[in-house]
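Below is data_29.txt, holding compact mmCIF, C-alpha atoms.
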```txt
# COMPACT_ATOMS: atom_id res chain seq x y z
CA SER A 6 137.56 95.26 -3.69
CA VAL A 7 139.01 98.67 -4.58
CA LEU A 8 137.11 100.24 -1.67
CA SER A 9 138.34 97.50 0.63
CA ARG A 10 142.01 98.00 -0.35
CA TYR A 11 141.69 101.78 0.07
CA GLU A 12 140.06 101.31 3.48
CA ASN A 13 142.86 98.94 4.56
CA GLN A 14 145.55 101.45 3.57
CA ILE A 15 143.86 104.29 5.48
CA THR A 16 143.56 102.07 8.57
CA ILE A 17 147.22 101.08 8.43
CA LEU A 18 148.45 104.66 7.95
CA SER A 19 146.33 106.12 10.75
CA ASP A 20 146.42 103.48 13.49
CA TYR A 21 148.94 100.74 12.91
CA LEU A 22 152.05 100.74 15.12
CA GLU A 23 154.15 97.70 14.31
CA GLU A 24 156.14 97.28 17.50
CA PHE A 25 155.24 97.70 21.13
CA PRO A 26 157.24 100.49 22.78
CA GLU A 27 159.91 99.84 25.40
CA THR A 28 158.01 100.29 28.65
CA ASP A 29 157.59 98.87 32.13
CA GLU A 30 153.83 99.43 31.99
CA PRO A 31 151.76 96.23 31.96
CA VAL A 32 149.67 95.22 28.97
CA TRP A 33 146.14 94.04 29.76
CA ILE A 34 144.41 91.59 27.39
CA LEU A 35 140.90 90.40 28.30
CA GLY A 36 141.54 90.18 32.03
CA ARG A 37 145.13 88.94 31.80
CA GLN A 38 148.22 91.01 32.61
CA HIS A 39 151.39 90.75 30.54
CA HIS A 40 154.78 92.41 30.85
CA LEU A 41 156.60 93.32 27.67
CA ASN A 42 160.05 93.09 29.24
CA THR A 43 159.65 89.50 30.40
CA ASP A 44 156.90 87.73 28.42
CA LYS A 45 156.34 89.48 25.10
CA SER A 46 156.06 86.15 23.25
CA LYS A 47 153.40 85.02 25.72
CA LEU A 48 151.49 88.25 25.07
CA LEU A 49 151.57 87.74 21.30
CA LEU A 50 150.43 84.12 21.70
CA ASP A 51 147.53 85.30 23.84
CA ILE A 52 146.47 87.78 21.16
CA SER A 53 146.83 85.35 18.24
CA ALA A 54 144.67 82.80 20.08
CA ARG A 55 141.61 85.06 19.77
CA LEU A 56 139.36 84.18 16.87
CA TRP A 57 139.76 86.87 14.20
CA PHE A 58 136.88 87.48 11.81
CA THR A 59 137.40 89.74 8.82
CA TYR A 60 135.65 90.71 5.63
CA ARG A 61 135.19 87.72 3.32
CA ARG A 62 134.37 87.38 -0.37
CA LYS A 63 132.90 84.66 -2.59
CA PHE A 64 130.44 83.28 -0.05
CA SER A 65 126.89 82.35 -1.13
CA PRO A 66 124.75 85.47 -1.73
CA ILE A 67 122.94 86.65 1.40
CA GLY A 68 119.23 85.94 1.06
CA GLY A 69 119.87 84.18 -2.25
CA THR A 70 120.26 87.36 -4.31
CA GLY A 71 122.14 89.69 -1.96
CA PRO A 72 125.86 90.48 -1.62
CA SER A 73 128.47 87.71 -1.70
CA SER A 74 131.01 89.83 0.19
CA ASP A 75 130.72 92.04 3.26
CA ALA A 76 133.72 94.23 2.36
CA GLY A 77 132.98 97.87 3.16
CA TRP A 78 129.94 97.27 5.37
CA GLY A 79 130.33 94.21 7.62
CA CYS A 80 133.06 95.35 10.02
CA MET A 81 130.82 95.77 13.10
CA LEU A 82 129.16 92.42 12.41
CA ARG A 83 132.61 90.82 12.32
CA CYS A 84 133.53 92.54 15.61
CA GLY A 85 130.34 91.21 17.16
CA GLN A 86 131.29 87.73 15.97
CA MET A 87 134.72 88.11 17.60
CA MET A 88 133.26 89.13 20.96
CA LEU A 89 130.77 86.26 20.90
CA ALA A 90 133.46 83.79 19.79
CA GLN A 91 135.58 84.82 22.78
CA ALA A 92 132.61 84.07 25.06
CA LEU A 93 132.25 80.62 23.48
CA ILE A 94 135.97 79.93 23.85
CA CYS A 95 135.69 80.77 27.57
CA ARG A 96 132.54 78.65 27.81
CA HIS A 97 133.98 75.47 26.28
CA LEU A 98 137.79 75.74 26.38
CA GLY A 99 138.55 78.26 29.13
CA ARG A 100 140.21 81.67 29.06
CA ASP A 101 143.70 80.16 29.23
CA TRP A 102 143.28 78.00 26.11
CA GLN A 103 145.93 78.78 23.51
CA TRP A 104 146.00 78.28 19.76
CA GLU A 105 149.11 77.18 17.89
CA LYS A 106 149.49 76.91 14.14
CA HIS A 107 149.20 73.33 12.80
CA LYS A 108 148.49 71.97 16.28
CA GLU A 109 145.51 69.64 16.58
CA GLN A 110 142.64 71.33 18.42
CA PRO A 111 139.74 69.82 20.37
CA GLU A 112 136.42 69.16 18.66
CA GLU A 113 134.80 71.97 20.66
CA TYR A 114 137.12 74.45 18.97
CA HIS A 115 136.08 73.37 15.47
CA ARG A 116 132.45 73.33 16.52
CA ILE A 117 132.75 76.92 17.78
CA LEU A 118 134.38 77.97 14.52
CA ARG A 119 131.63 76.28 12.48
CA CYS A 120 129.07 78.53 14.20
CA PHE A 121 130.61 81.52 12.38
CA LEU A 122 131.31 80.22 8.87
CA ASP A 123 129.87 82.36 6.07
CA ARG A 124 126.98 80.01 5.29
CA LYS A 125 123.26 80.51 5.69
CA ASP A 126 122.99 77.37 7.85
CA CYS A 127 125.54 78.53 10.47
CA CYS A 128 123.89 80.15 13.46
CA TYR A 129 126.16 83.24 13.75
CA SER A 130 127.12 83.61 10.09
CA ILE A 131 127.25 86.94 8.30
CA HIS A 132 124.05 85.75 6.56
CA GLN A 133 122.11 85.29 9.78
CA MET A 134 123.40 88.49 11.37
CA ALA A 135 122.65 90.63 8.31
CA GLN A 136 119.16 89.16 7.92
CA MET A 137 118.35 89.49 11.62
CA GLY A 138 119.49 93.12 11.39
CA VAL A 139 116.55 93.84 9.07
CA GLY A 140 114.31 93.47 12.12
CA GLU A 141 116.44 96.14 13.81
CA GLY A 142 115.86 98.55 10.93
CA LYS A 143 119.10 97.83 9.05
CA SER A 144 119.03 96.89 5.37
CA ILE A 145 121.37 94.13 4.22
CA GLY A 146 124.63 95.84 3.35
CA GLU A 147 124.04 98.71 5.79
CA TRP A 148 126.56 99.46 8.53
CA PHE A 149 125.66 98.44 12.11
CA GLY A 150 126.39 100.30 15.33
CA PRO A 151 127.47 98.57 18.59
CA ASN A 152 123.94 98.47 20.06
CA THR A 153 122.41 97.01 16.88
CA VAL A 154 124.92 94.17 16.71
CA ALA A 155 124.29 93.46 20.41
CA GLN A 156 120.53 93.18 19.79
CA VAL A 157 121.14 90.86 16.83
CA LEU A 158 123.36 88.54 18.89
CA LYS A 159 120.75 88.50 21.64
CA LYS A 160 118.07 87.29 19.21
CA LEU A 161 120.24 84.73 17.40
CA ALA A 162 121.38 83.19 20.70
CA LEU A 163 117.80 82.10 21.40
CA PHE A 164 118.16 79.50 18.64
CA ASP A 165 121.60 78.24 19.69
CA GLU A 166 120.86 75.16 21.80
CA TRP A 167 124.44 73.88 21.96
CA ASN A 168 125.93 76.95 23.64
CA SER A 169 122.73 77.83 25.53
CA LEU A 170 123.82 81.37 26.40
CA ALA A 171 121.73 83.93 28.23
CA VAL A 172 122.44 87.21 26.42
CA TYR A 173 121.61 90.36 28.37
CA VAL A 174 121.89 93.74 26.64
CA SER A 175 121.62 96.60 29.13
CA MET A 176 119.14 99.41 28.62
CA ASP A 177 119.60 103.11 29.45
CA ASN A 178 123.16 102.53 30.76
CA THR A 179 121.72 100.37 33.55
CA VAL A 180 122.52 96.75 34.47
CA VAL A 181 119.80 95.16 36.63
CA ILE A 182 121.07 92.30 38.82
CA GLU A 183 117.58 90.97 39.53
CA ASP A 184 116.75 90.68 35.81
CA ILE A 185 120.00 88.92 34.96
CA LYS A 186 119.55 86.32 37.69
CA LYS A 187 115.95 85.79 36.62
CA MET A 188 117.11 85.21 33.04
CA CYS A 189 120.07 82.96 33.85
CA TRP A 190 118.03 80.76 36.18
CA ALA A 191 114.95 80.67 33.93
CA PRO A 192 113.86 77.11 33.06
CA PRO A 193 114.05 76.20 29.36
CA GLN A 194 110.85 77.11 27.57
CA SER A 195 109.63 77.44 24.02
CA SER A 196 106.71 79.38 22.66
CA GLY A 197 103.98 77.72 20.65
CA VAL A 198 103.32 80.80 18.54
CA ALA A 199 104.57 81.29 15.03
CA HIS A 200 107.83 83.16 14.68
CA SER A 201 107.38 86.60 13.19
CA SER A 202 110.91 87.36 12.03
CA ALA A 203 111.21 87.66 8.28
CA HIS A 204 114.69 86.27 8.02
CA LEU A 205 115.19 83.13 10.11
CA HIS A 206 115.03 79.59 8.91
CA ARG A 207 115.15 76.38 10.82
CA SER A 208 118.21 74.89 9.13
CA ALA A 209 120.39 77.60 10.66
CA PHE A 210 119.64 76.80 14.25
CA GLY A 211 120.00 73.10 14.83
CA ARG A 212 117.51 70.46 13.83
CA ASN A 213 117.06 68.82 17.23
CA LYS A 214 114.07 70.36 18.98
CA ASN A 215 114.62 68.32 22.14
CA THR A 216 115.22 70.70 25.03
CA ALA A 217 117.37 68.14 26.82
CA GLY A 218 120.41 70.01 25.53
CA PHE A 219 119.59 73.01 27.71
CA CYS A 220 121.32 73.48 31.02
CA THR A 221 118.79 73.42 33.84
CA GLY A 222 121.04 75.40 36.19
CA TRP A 223 122.71 78.76 35.62
CA LYS A 224 122.86 79.57 31.91
CA PRO A 225 126.25 81.09 31.02
CA LEU A 226 125.85 84.85 30.71
CA LEU A 227 126.97 87.08 27.86
CA LEU A 228 126.53 90.60 29.19
CA ILE A 229 126.73 93.47 26.70
CA ILE A 230 126.57 97.10 27.84
CA PRO A 231 126.08 99.64 25.01
CA LEU A 232 127.34 103.07 26.10
CA ARG A 233 127.73 106.62 24.88
CA LEU A 234 130.88 108.00 26.52
CA GLY A 235 130.57 111.55 25.24
CA ILE A 236 128.90 113.60 22.53
CA ASN A 237 131.32 114.00 19.63
CA HIS A 238 134.43 112.73 21.39
CA ILE A 239 135.04 110.44 24.34
CA ASN A 240 134.87 112.32 27.65
CA PRO A 241 138.25 111.94 29.44
CA VAL A 242 136.46 111.37 32.74
CA TYR A 243 135.49 107.87 31.53
CA ILE A 244 138.96 106.70 30.47
CA ASP A 245 140.09 105.12 33.74
CA ALA A 246 136.82 103.25 34.21
CA PHE A 247 136.89 102.08 30.58
CA LYS A 248 140.41 100.68 31.08
CA GLU A 249 139.37 98.95 34.32
CA CYS A 250 136.87 96.88 32.37
CA PHE A 251 139.70 95.20 30.41
CA LYS A 252 141.31 94.15 33.71
CA MET A 253 138.29 92.17 34.90
CA PRO A 254 138.60 88.38 34.52
CA GLN A 255 135.14 88.37 32.93
CA SER A 256 136.18 90.83 30.19
CA LEU A 257 135.25 90.18 26.56
CA GLY A 258 136.64 93.56 25.48
CA ALA A 259 134.64 96.20 23.67
CA LEU A 260 133.02 96.94 20.32
CA GLY A 261 133.62 100.39 18.85
CA GLY A 262 136.03 102.33 16.70
CA LYS A 263 135.46 105.34 14.52
CA PRO A 264 132.42 106.39 12.46
CA ASN A 265 131.68 103.55 9.99
CA ASN A 266 134.95 101.85 10.96
CA ALA A 267 134.56 99.18 13.66
CA TYR A 268 137.25 97.44 15.71
CA TYR A 269 137.24 94.75 18.39
CA PHE A 270 139.15 96.13 21.37
CA ILE A 271 140.78 93.43 23.51
CA GLY A 272 143.04 95.39 25.85
CA PHE A 273 145.26 98.39 26.46
CA LEU A 274 148.78 99.62 27.11
CA GLY A 275 148.95 102.99 28.85
CA ASN A 276 146.56 105.26 26.97
CA GLU A 277 146.52 103.13 23.82
CA LEU A 278 143.85 100.53 23.07
CA ILE A 279 144.84 97.21 21.50
CA TYR A 280 142.43 95.85 18.92
CA LEU A 281 141.76 93.26 16.24
CA ASP A 282 140.93 94.82 12.89
CA PRO A 283 138.34 93.21 10.58
CA HIS A 284 139.26 95.42 7.59
CA THR A 285 141.07 92.75 5.59
CA THR A 286 139.21 90.92 2.84
CA GLN A 287 139.88 87.17 2.70
CA SER A 288 138.30 84.40 0.66
CA PHE A 289 135.45 82.30 2.01
CA VAL A 290 136.57 79.21 3.95
CA ASP A 291 134.31 76.20 4.43
CA SER A 292 134.66 73.17 6.69
CA GLU A 293 136.25 69.95 5.47
CA GLU A 294 134.30 66.72 5.06
CA ASN A 295 135.46 65.57 8.52
CA GLY A 296 134.21 68.79 10.11
CA THR A 297 137.62 70.39 10.66
CA ILE A 298 138.47 73.82 9.28
CA ASP A 299 141.62 75.28 7.77
CA ASP A 300 141.80 77.89 10.51
CA GLU A 301 144.97 79.90 9.85
CA SER A 302 143.01 82.80 8.37
CA PHE A 303 140.91 82.98 11.55
CA HIS A 304 143.86 84.00 13.74
CA CYS A 305 145.77 87.27 13.45
CA GLN A 306 149.45 86.35 13.56
CA GLN A 307 150.92 89.84 13.33
CA ALA A 308 151.65 92.40 16.02
CA PRO A 309 148.28 93.89 16.97
CA HIS A 310 146.97 97.33 16.07
CA ARG A 311 146.86 100.13 18.63
CA MET A 312 145.15 103.50 18.80
CA LYS A 313 144.96 106.31 21.34
CA ILE A 314 141.91 106.08 23.57
CA MET A 315 141.03 109.71 22.86
CA ASN A 316 140.62 108.83 19.17
CA LEU A 317 137.82 106.41 20.03
CA ASP A 318 134.29 107.21 18.91
CA PRO A 319 132.13 107.64 22.07
CA SER A 320 129.63 104.95 20.98
CA VAL A 321 130.89 101.61 22.35
CA ALA A 322 129.62 98.34 23.80
CA LEU A 323 131.40 96.54 26.64
CA GLY A 324 131.25 92.74 26.82
CA PHE A 325 131.58 90.35 29.78
CA PHE A 326 131.18 86.59 30.19
CA CYS A 327 130.08 84.89 33.41
CA LYS A 328 130.08 81.10 33.13
CA GLU A 329 128.82 80.57 36.69
CA GLU A 330 126.73 82.65 39.06
CA CYS A 331 129.79 83.24 41.25
CA ASP A 332 131.53 84.85 38.23
CA PHE A 333 128.64 87.30 37.92
CA ASP A 334 128.64 88.02 41.67
CA ASN A 335 132.38 88.69 41.46
CA TRP A 336 131.85 91.00 38.48
CA CYS A 337 129.23 92.98 40.43
CA SER A 338 131.69 93.40 43.32
CA LEU A 339 134.44 94.59 40.96
CA VAL A 340 132.10 97.10 39.31
CA GLN A 341 131.09 98.51 42.70
CA LYS A 342 134.69 98.73 43.87
CA GLU A 343 136.61 99.77 40.75
CA ILE A 344 134.07 101.73 38.69
CA LEU A 345 131.07 103.03 40.62
CA LYS A 346 132.81 104.12 43.84
CA GLN A 347 135.72 105.74 42.01
CA GLN A 348 133.85 107.79 39.46
CA SER A 349 132.12 111.13 39.91
CA LEU A 350 130.43 110.69 36.49
CA ARG A 351 129.46 107.02 36.21
CA MET A 352 130.02 105.12 32.99
CA PHE A 353 126.96 102.95 33.73
CA GLU A 354 124.72 102.04 36.66
CA LEU A 355 124.45 98.69 38.45
CA VAL A 356 121.21 98.29 40.41
CA GLN A 357 119.80 95.42 42.44
CA LYS A 358 116.10 95.72 41.63
CA HIS A 359 114.19 96.23 38.39
CA PRO A 360 113.27 99.94 38.11
CA PRO A 361 109.54 100.28 38.89
CA HIS A 362 108.93 102.72 36.01
CA TRP A 363 110.30 100.24 33.43
CA PRO A 364 108.09 97.66 31.69
CA PRO A 365 108.15 94.24 33.44
CA PHE A 366 111.17 92.09 32.62
CA ILE A 367 110.30 88.85 30.85
CA PRO A 368 113.24 86.52 30.06
CA PRO A 369 113.35 86.02 26.28
CA SER A 370 112.40 82.55 25.05
CA LYS A 371 112.87 80.77 21.76
CA PRO A 372 109.93 81.21 19.39
CA GLU A 373 108.72 78.34 17.22
CA VAL A 374 110.09 78.70 13.70
CA THR A 375 107.44 77.62 11.23
CA THR A 376 109.48 77.99 8.05
CA THR A 377 111.48 74.99 6.83
CA GLY A 378 114.82 74.53 5.12
CA ALA A 379 116.19 77.71 3.63
CA GLU A 380 112.74 79.17 3.02
CA LEU A 381 112.45 82.85 3.91
CA ILE A 382 109.35 84.91 4.58
CA GLU A 383 109.85 87.70 2.08
CA SER A 384 106.38 89.20 1.89
CA THR A 385 105.55 91.96 4.34
CA ASP A 386 101.90 90.97 3.99
CA LYS A 387 102.77 87.53 5.32
CA LEU A 388 104.73 89.12 8.15
CA PHE A 389 101.73 91.22 9.19
CA GLU A 390 99.54 88.09 9.12
CA LEU A 391 101.96 86.39 11.50
CA GLU A 392 101.96 89.38 13.82
CA GLU A 393 98.15 89.42 13.87
CA GLU A 394 98.13 85.69 14.62
CA PHE A 395 100.60 86.30 17.46
CA GLU A 396 98.30 88.97 18.94
CA ILE A 397 95.24 86.69 18.70
CA LEU A 398 97.09 83.82 20.38
CA SER A 399 98.40 86.16 23.08
CA VAL A 400 94.82 87.27 23.89
```

Structure encoded using structure tokens:
Amino acid sequence: SVLSRYENQITILSDYLEEFPETDEPVWILGRQHHLNTDKSKLLLDISARLWFTYRRKFSPIGGTGPSSDAGWGCMLRCGQMMLAQALICRHLGRDWQWEKHKEQPEEYHRILRCFLDRKDCCYSIHQMAQMGVGEGKSIGEWFGPNTVAQVLKKLALFDEWNSLAVYVSMDNTVVIEDIKKMCWAPPQSSGVAHSSAHLHRSAFGRNKNTAGFCTGWKPLLLIIPLRLGINHINPVYIDAFKECFKMPQSLGALGGKPNNAYYFIGFLGNELIYLDPHTTQSFVDSEENGTIDDESFHCQQAPHRMKIMNLDPSVALGFFCKEECDFDNWCSLVQKEILKQQSLRMFELVQKHPPHWPPFIPPSKPEVTTTGAELIESTDKLFELEEEFEILSV
């Protein structure tokens, strides 16, 4: 808790600017334009409507014996939760949905929020993300980078039948249109082989194994593009293209920040980025008996933080959501027009066909989870046995 308070003070001193400046420049928030002179209150309502996930304390220990707080290490996981939550809001409630304190919200809203509660049986909880990160080489309690959290979300989404998202994480700064369409139109399928992850359990991912809940058409797309926009500092040549991404109607913002200090960037004003900051430690909140949640602590109701773009660490991950195929086609057109044709040094590549020198693209499918309840596979020997079984079955 001492570390957390110290970290909060440093963040506030270095980045926090309480009031927006007097300016005629527009403010862009996740694809929506606002003008400070005419609709400042509307801007602040738009920002406070975003789900805000912060450090929490006093939740059940991760893995049964692990940490009961993520203060000091979970900031990038919380930012990943915020980006994903914004995709789910767009999926079920629409980008223009607004949150108001004490106002009754639709059931879909509470169901989205329940996906992220700090419990081992919630599909995108800090427990599930931390444990899935072990498979990405991260110990529980170790800090994640933007690409690691993207890979974790991609894997967890395979078990989320209600939202049924197709999560595509780009490789080598390249987005492949053919692969995305293949993934989003792929029929629902499940593998009969045993699941080899050491940290998943069935209770976290819905108990109904009926695939009828899957959408047989286009699966809504969560597109994450991990990027390196410089070596030690962000290269100024990328700034305009980076800002253009926040203007796109498909924008989910960006994950990034400073070394070991992650923020969820949701927009910009001039050359300042606007972000939600997870570095506040709050107490664990659980759902009520009727399924609703006391949600005030999940919405930031203060003026947002801002920081100069040039202070950004060059390691970032852009996020976009395409509910329908036409949204993705429109995104491709915007990228060609606003980013690729304008830039001498491209931030990322968008290609039609799968590069021939890459391994074949196989849409990820949900593995069978053979563990039950909250049982975890903790023995590496058992894990190797499962991997050997997987290889035998594959042959």

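Each of A:Asp75, A:Asp123, A:Asp299, A:Glu183 was compared to A:Gly146 using only C-alpha atoms, and A:Asp75 turns out to be the nearest.
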
Item to complete: Figure out the distance between atom CA of A:His238 and atom CA of A:Met315, please, to one decimal in Å.
Response: 7.4 Å

Discussion item. Residues within 8 Å of A:Leu163, please, as a PyMOL selection string. Count all atoms listed in the file; anything in the same chain fewer than 6 positions from it doesn't count.
Written reply: chain A and resi 169-170+369-371

Fill in: Among listed residues A:Pro264, A:Pro231, A:Gly258, A:Pro368, nearest A:Gln91 (using all atoms listed in the file)
A:Gly258

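Atom CA of A:Pro365 is positioned 24.1 Å from atom CA of A:Gly324.
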
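Minimum atom-to-atom distance to A:Lys313, evaluated using only C-alpha atoms, belongs to A:Gly262 out of A:Gly262, A:Pro111, A:Gly235, A:Gly138.
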
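For the set A:Pro309, A:Pro31, A:Gly85, A:Gly296, the residue with the smallest atom-to-atom gap to A:Leu158 is A:Gly85, counting only C-alpha atoms.
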
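One distance worth recording is that between atom CA of A:Glu294 and atom CA of A:Arg124, which is 15.2 Å.
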
Discussion item. Excluding A:Leu257 and its own-chain neighbours fewer than 6 positions away, which residues fall within 10 Å of it when counting only C-alpha atoms? Please give them as JSON, numbers by chain.
Written reply: {"A": [34, 35, 36, 87, 88, 89, 90, 91, 92, 95, 227, 228, 229, 250, 251, 269, 270, 271, 272, 323, 324, 325, 326]}

Discussion item. List as a list of chain:residue names the protein and nucleic acid residues near A:Glu293, meaning an atom at most 12 Å away when only C-alpha atoms are counted, but skip any in the same chain fewer than 5 places from it.
Written reply: A:His115, A:Arg119, A:Leu122, A:Ile298, A:Asp299, A:Asp300

Could you take the residues named above and write them with C-alpha atoms, as an mmCIF file, in the frame of the given file?
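Okay, result.cif is ready:
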```cif
data_model
loop_
_atom_site.group_PDB
_atom_site.id
_atom_site.type_symbol
_atom_site.label_atom_id
_atom_site.label_comp_id
_atom_site.auth_asym_id
_atom_site.auth_seq_id
_atom_site.Cartn_x
_atom_site.Cartn_y
_atom_site.Cartn_z
ATOM 1 C CA HIS A 115 136.080 73.370 15.470
ATOM 2 C CA ARG A 119 131.630 76.280 12.480
ATOM 3 C CA LEU A 122 131.310 80.220 8.870
ATOM 4 C CA ILE A 298 138.470 73.820 9.280
ATOM 5 C CA ASP A 299 141.620 75.280 7.770
ATOM 6 C CA ASP A 300 141.800 77.890 10.510
#
```

Worksheet item: Leaving out A:Cys327 and any residue of its chain fewer than 6 positions from it, which residues lie within 10 Å of it when counting only C-alpha atoms, given as a count of residues only?
Response: 17

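Considering the residues A:Trp363, A:Phe273, A:Phe303, A:Trp102 and counting all atoms listed in the file, A:Glu30 has its shortest atom-to-atom contact with A:Phe273.
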
Worksheet entry | Nearest to A:Arg100, chosen from A:Met312, A:Leu82, A:Cys331, A:Ala54, with all atoms listed in the file counted in the distances | A:Ala54

Worksheet entry | Residue list as a VMD selection string for point (158.0, 104.6, 29.7), cut-off 12 Å, all atoms listed in the file | chain A and resid 25 to 31 41 to 42 274 to 276

Worksheet item: Within 10 Å of (133.5, 104.7, 17.4), in the coordinates the file gives, what residues turn up when you count only C-alpha atoms, written out as an MDAnalysis selection string?
Response: chainID A and resid 150:151 233 237:239 260:268 316:322
